[in-house]
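K.L.:
One structure coming up, written as structure tokens, with questions to follow.
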Amino acid sequence: LFAQRAEFLKGVVAMDGLPPGDRLEICFAGRSNVGKSTLINALTGRKALARASNTPGRTQEINYFTLDPIYLVDLPGYGFAKAPVAVVAKWQALLKQYLAGRANLRRAFLLIDGRHGIKDVDEEIMALLGTAAVPFQVVLTKTDKPKPADLEAALAATRRKLAKYAAAYPELILTSSETGAGLDTLRATIAAMVSD
Ligand code: GDP
């Protein structure tokens, strides 16, 4: 799957802009600055596919990438402290509609910073995913940064919090876009979904 070149398809700001749901898709969600753009770029081997930018105005779109035969979907980062209330409200509404209404969405990868673990805003998203019955899997990012003991602690805390979400996969994927750790596991996980 990842041998091919992923291509940007379109940025979507409203439900009626979504491409036809005629192929399976997976999405990536996470707080602003979690390392989502960097991870998508690293996964696809494309340096600037997803924009690594934290400018609120630029990150409110749902970005679609094609990786035949599926779509990779980059959801706007959430929890950006400086985003205006109206922007946040609009984004939340779109996110809810997307998660609840996208039948071809097979799995959400929820990115969590390996240094910080799960925050309240992440739990809000998990609750939303649960309500929408979208299975989700946690991907820890930036695992090159914390000391091993701190990473272990974050891992244990993350597992404890995940236990209460029925929609959550118990397996966490530990990644670093810096060292490349875990990227093959994540690619293989996505590829396995496609061949199912
Ligand atoms: P986004 O807002 O979630 O798209 O986050 P970005 O991809 O823009 O990354 C935010 C910051 O974290 C940038 O300065 C990245 O260079 C840095 N970063 C992203 N991934 C990693 C990683 O795996 N390891 C380290 N050490 N830094 C990372």
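FYI, nothing fancy with the structure tokens labels: chains A, B, ... in order, residues from 1 per chain, ligands from 1 as they appear.
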Please, which residues in chain A fall within 10 Å of ligand 1 when counting only C-alpha atoms and all ligand atoms, and what is the closest atom pair and distance in Å to one decimal for each, ordered by chain then residue number, as a tab-separated table?

P.N.:
```
residue	atom	partner	partner_atom_place_in_ligand_line	distance
A:Phe28	CA	ligand 1	3 (O)	9.7
A:Ala29	CA	ligand 1	3 (O)	8.5
A:Gly30	CA	ligand 1	3 (O)	6.5
A:Arg31	CA	ligand 1	3 (O)	6.3
A:Ser32	CA	ligand 1	2 (O)	4.1
A:Asn33	CA	ligand 1	2 (O)	3.3
A:Val34	CA	ligand 1	3 (O)	3.9
A:Gly35	CA	ligand 1	5 (O)	3.3
A:Lys36	CA	ligand 1	3 (O)	3.6
A:Ser37	CA	ligand 1	4 (O)	3.7
A:Thr38	CA	ligand 1	7 (O)	3.7
A:Leu39	CA	ligand 1	20 (N)	6.2
A:Ile40	CA	ligand 1	7 (O)	8.1
A:Asn41	CA	ligand 1	7 (O)	8.4
A:Ala42	CA	ligand 1	20 (N)	9.0
A:Ala50	CA	ligand 1	4 (O)	7.6
A:Arg51	CA	ligand 1	4 (O)	6.9
A:Ala52	CA	ligand 1	8 (O)	3.8
A:Ser53	CA	ligand 1	8 (O)	5.2
A:Asn54	CA	ligand 1	2 (O)	5.2
A:Thr55	CA	ligand 1	2 (O)	8.8
A:Pro56	CA	ligand 1	2 (O)	9.7
A:Thr59	CA	ligand 1	2 (O)	8.5
A:Asp74	CA	ligand 1	4 (O)	9.3
A:Leu75	CA	ligand 1	4 (O)	9.8
A:Pro76	CA	ligand 1	4 (O)	8.6
A:Gly77	CA	ligand 1	2 (O)	6.2
A:Tyr78	CA	ligand 1	2 (O)	8.9
A:Phe80	CA	ligand 1	2 (O)	9.1
A:Leu111	CA	ligand 1	3 (O)	8.3
A:Ile112	CA	ligand 1	3 (O)	9.5
A:Asp113	CA	ligand 1	20 (N)	9.0
A:Gly114	CA	ligand 1	23 (O)	9.2
A:Leu140	CA	ligand 1	23 (O)	9.2
A:Thr141	CA	ligand 1	23 (O)	5.6
A:Lys142	CA	ligand 1	23 (O)	3.5
A:Thr143	CA	ligand 1	23 (O)	6.4
A:Asp144	CA	ligand 1	24 (N)	5.7
A:Lys145	CA	ligand 1	26 (N)	5.3
A:Pro146	CA	ligand 1	26 (N)	9.0
A:Leu174	CA	ligand 1	23 (O)	9.9
A:Thr175	CA	ligand 1	23 (O)	6.7
A:Ser176	CA	ligand 1	23 (O)	3.6
A:Ser177	CA	ligand 1	23 (O)	3.6
A:Glu178	CA	ligand 1	23 (O)	4.4
A:Thr179	CA	ligand 1	23 (O)	7.0
A:Gly180	CA	ligand 1	23 (O)	7.7
A:Ala181	CA	ligand 1	23 (O)	8.5
```

K.L.:
Find the residues near A:Met15: any atom within 10 Å, counting only C-alpha atoms, skip ones fewer than 5 places away on the same chain, and give them as a ChimeraX atom specification.

P.N.:
/A:62,94-95,97-98,101-102

K.L.:
Please measure the separation of atom CA of A:Leu99 and atom CA of A:Met193, giving the value in Å to one decimal.

P.N.:
18.4 Å

K.L.:
Taking the chain letters and numbering used in this document, name the residues of stretch 2-196 of chain A that DSSP puts in strand (DSSP E), as a VMD selection string.

P.N.:
chain A and resid 7 to 12 25 to 30 62 to 67 70 to 74 105 to 113 136 to 141 173 to 174

K.L.:
Take the residues just selected and output them with C-alpha atoms as an mmCIF file, in the first residue's frame.

P.N.:
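The resulting file, part11.cif, is shown below:
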```cif
data_model
loop_
_atom_site.group_PDB
_atom_site.id
_atom_site.type_symbol
_atom_site.label_atom_id
_atom_site.label_comp_id
_atom_site.auth_asym_id
_atom_site.auth_seq_id
_atom_site.Cartn_x
_atom_site.Cartn_y
_atom_site.Cartn_z
ATOM 1 C CA GLU A 7 -1.480 12.467 -3.262
ATOM 2 C CA PHE A 8 -3.393 15.391 -1.854
ATOM 3 C CA LEU A 9 -6.997 15.257 -3.085
ATOM 4 C CA LYS A 10 -8.835 18.128 -1.413
ATOM 5 C CA GLY A 11 -9.483 20.131 1.709
ATOM 6 C CA VAL A 12 -13.030 19.972 2.997
ATOM 7 C CA GLU A 25 -10.926 5.551 4.666
ATOM 8 C CA ILE A 26 -8.977 5.991 7.856
ATOM 9 C CA CYS A 27 -8.464 9.241 9.685
ATOM 10 C CA PHE A 28 -5.831 10.813 11.902
ATOM 11 C CA ALA A 29 -6.897 12.996 14.799
ATOM 12 C CA GLY A 30 -5.009 14.703 17.578
ATOM 13 C CA ILE A 62 -10.426 18.006 6.681
ATOM 14 C CA ASN A 63 -7.662 17.093 4.271
ATOM 15 C CA TYR A 64 -8.088 14.123 1.982
ATOM 16 C CA PHE A 65 -5.185 12.173 0.532
ATOM 17 C CA THR A 66 -5.481 9.284 -1.870
ATOM 18 C CA LEU A 67 -3.446 6.167 -1.325
ATOM 19 C CA ILE A 70 -8.101 4.085 0.256
ATOM 20 C CA TYR A 71 -8.311 7.633 1.518
ATOM 21 C CA LEU A 72 -6.107 8.927 4.291
ATOM 22 C CA VAL A 73 -7.915 11.700 6.106
ATOM 23 C CA ASP A 74 -6.174 14.363 8.159
ATOM 24 C CA LEU A 105 -14.580 5.403 7.821
ATOM 25 C CA ARG A 106 -12.989 2.195 9.053
ATOM 26 C CA ARG A 107 -10.784 3.394 11.883
ATOM 27 C CA ALA A 108 -9.555 6.583 13.524
ATOM 28 C CA PHE A 109 -5.962 6.839 14.649
ATOM 29 C CA LEU A 110 -5.884 9.072 17.667
ATOM 30 C CA LEU A 111 -2.487 10.662 18.136
ATOM 31 C CA ILE A 112 -1.337 11.278 21.671
ATOM 32 C CA ASP A 113 1.914 12.968 22.606
ATOM 33 C CA PHE A 136 -10.086 4.042 17.275
ATOM 34 C CA GLN A 137 -6.498 3.183 17.977
ATOM 35 C CA VAL A 138 -4.086 5.331 19.930
ATOM 36 C CA VAL A 139 -0.768 6.219 18.354
ATOM 37 C CA LEU A 140 1.778 7.692 20.717
ATOM 38 C CA THR A 141 3.943 10.293 19.005
ATOM 39 C CA ILE A 173 1.323 2.015 18.513
ATOM 40 C CA LEU A 174 4.453 3.810 19.677
#
```

K.L.:
Going by DSSP on the backbone, which residues of stretch 26-126 of chain A come out as helix (DSSP H, G or I)? List them as a PyMOL selection string.

P.N.:
chain A and resi 36-44+56-58+85-101+120-126

K.L.:
With only C-alpha atoms as the atoms that count, which of A:Gly17, A:Gly130, A:Gly45, A:Pro84 lies nearest to A:Glu61?

P.N.:
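Selected residue with least distance to A:Glu61: A:Gly17.
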
K.L.:
May I ask for the distance between atom CA of A:Val85 and atom CA of A:Leu129, given in Å to one decimal place?

P.N.:
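Calculated distance between atom CA of A:Val85 and atom CA of A:Leu129 is 22.0 Å.
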
K.L.:
Do you know which residues are at most 12 Å from A:Ser195 counting only C-alpha atoms, after dropping those on the same chain fewer than 2 positions away, and could you put them as an mmCIF file with N, CA and C atoms, in the first residue's frame?

P.N.:
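As a result, selection-v6.cif now contains:
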```cif
data_model
loop_
_atom_site.group_PDB
_atom_site.id
_atom_site.type_symbol
_atom_site.label_atom_id
_atom_site.label_comp_id
_atom_site.auth_asym_id
_atom_site.auth_seq_id
_atom_site.Cartn_x
_atom_site.Cartn_y
_atom_site.Cartn_z
ATOM 1 N N LEU A 1 0.833 -1.216 0.000
ATOM 2 C CA LEU A 1 0.000 0.000 0.000
ATOM 3 C C LEU A 1 0.868 1.267 0.000
ATOM 4 N N LEU A 24 -12.759 2.827 1.196
ATOM 5 C CA LEU A 24 -12.512 2.784 2.629
ATOM 6 C C LEU A 24 -11.615 3.964 3.027
ATOM 7 N N PRO A 69 -6.001 1.663 -2.561
ATOM 8 C CA PRO A 69 -7.396 1.990 -2.871
ATOM 9 C C PRO A 69 -8.121 2.759 -1.756
ATOM 10 N N ILE A 70 -7.409 3.431 -0.871
ATOM 11 C CA ILE A 70 -8.101 4.085 0.256
ATOM 12 C C ILE A 70 -7.863 5.601 0.282
ATOM 13 N N ALA A 188 1.802 -1.227 8.502
ATOM 14 C CA ALA A 188 1.306 -2.608 8.389
ATOM 15 C C ALA A 188 -0.119 -2.718 8.925
ATOM 16 N N THR A 189 -0.417 -1.972 9.974
ATOM 17 C CA THR A 189 -1.758 -1.980 10.552
ATOM 18 C C THR A 189 -2.772 -1.456 9.542
ATOM 19 N N ILE A 190 -2.396 -0.388 8.870
ATOM 20 C CA ILE A 190 -3.295 0.202 7.865
ATOM 21 C C ILE A 190 -3.429 -0.735 6.663
ATOM 22 N N ALA A 191 -2.315 -1.297 6.228
ATOM 23 C CA ALA A 191 -2.341 -2.198 5.070
ATOM 24 C C ALA A 191 -3.200 -3.433 5.361
ATOM 25 N N ALA A 192 -3.126 -3.930 6.603
ATOM 26 C CA ALA A 192 -3.899 -5.131 6.962
ATOM 27 C C ALA A 192 -5.400 -4.849 6.881
ATOM 28 N N MET A 193 -5.783 -3.622 7.219
ATOM 29 C CA MET A 193 -7.195 -3.231 7.161
ATOM 30 C C MET A 193 -7.718 -3.288 5.725
#
```

K.L.:
I'd like to know which of A:Ala81, A:Gly117, A:Met126, A:Phe2 is closest to A:Lys96, using only C-alpha atoms.

P.N.:
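Comparing A:Ala81, A:Gly117, A:Met126, A:Phe2 against A:Lys96, the winner is A:Met126.
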
K.L.:
Which residue is closest to A:Arg159? Choose from A:Ile118, A:Ile125, A:Pro19, A:Lys82 and count only C-alpha atoms.

P.N.:
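Between A:Ile118, A:Ile125, A:Pro19, A:Lys82, the residue approaching A:Arg159 most closely is A:Ile118.
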
K.L.:
Please, what distance in Å, to one decimal, runs between atom CA of A:Asn104 and atom CA of A:Gly21?

P.N.:
5.8 Å
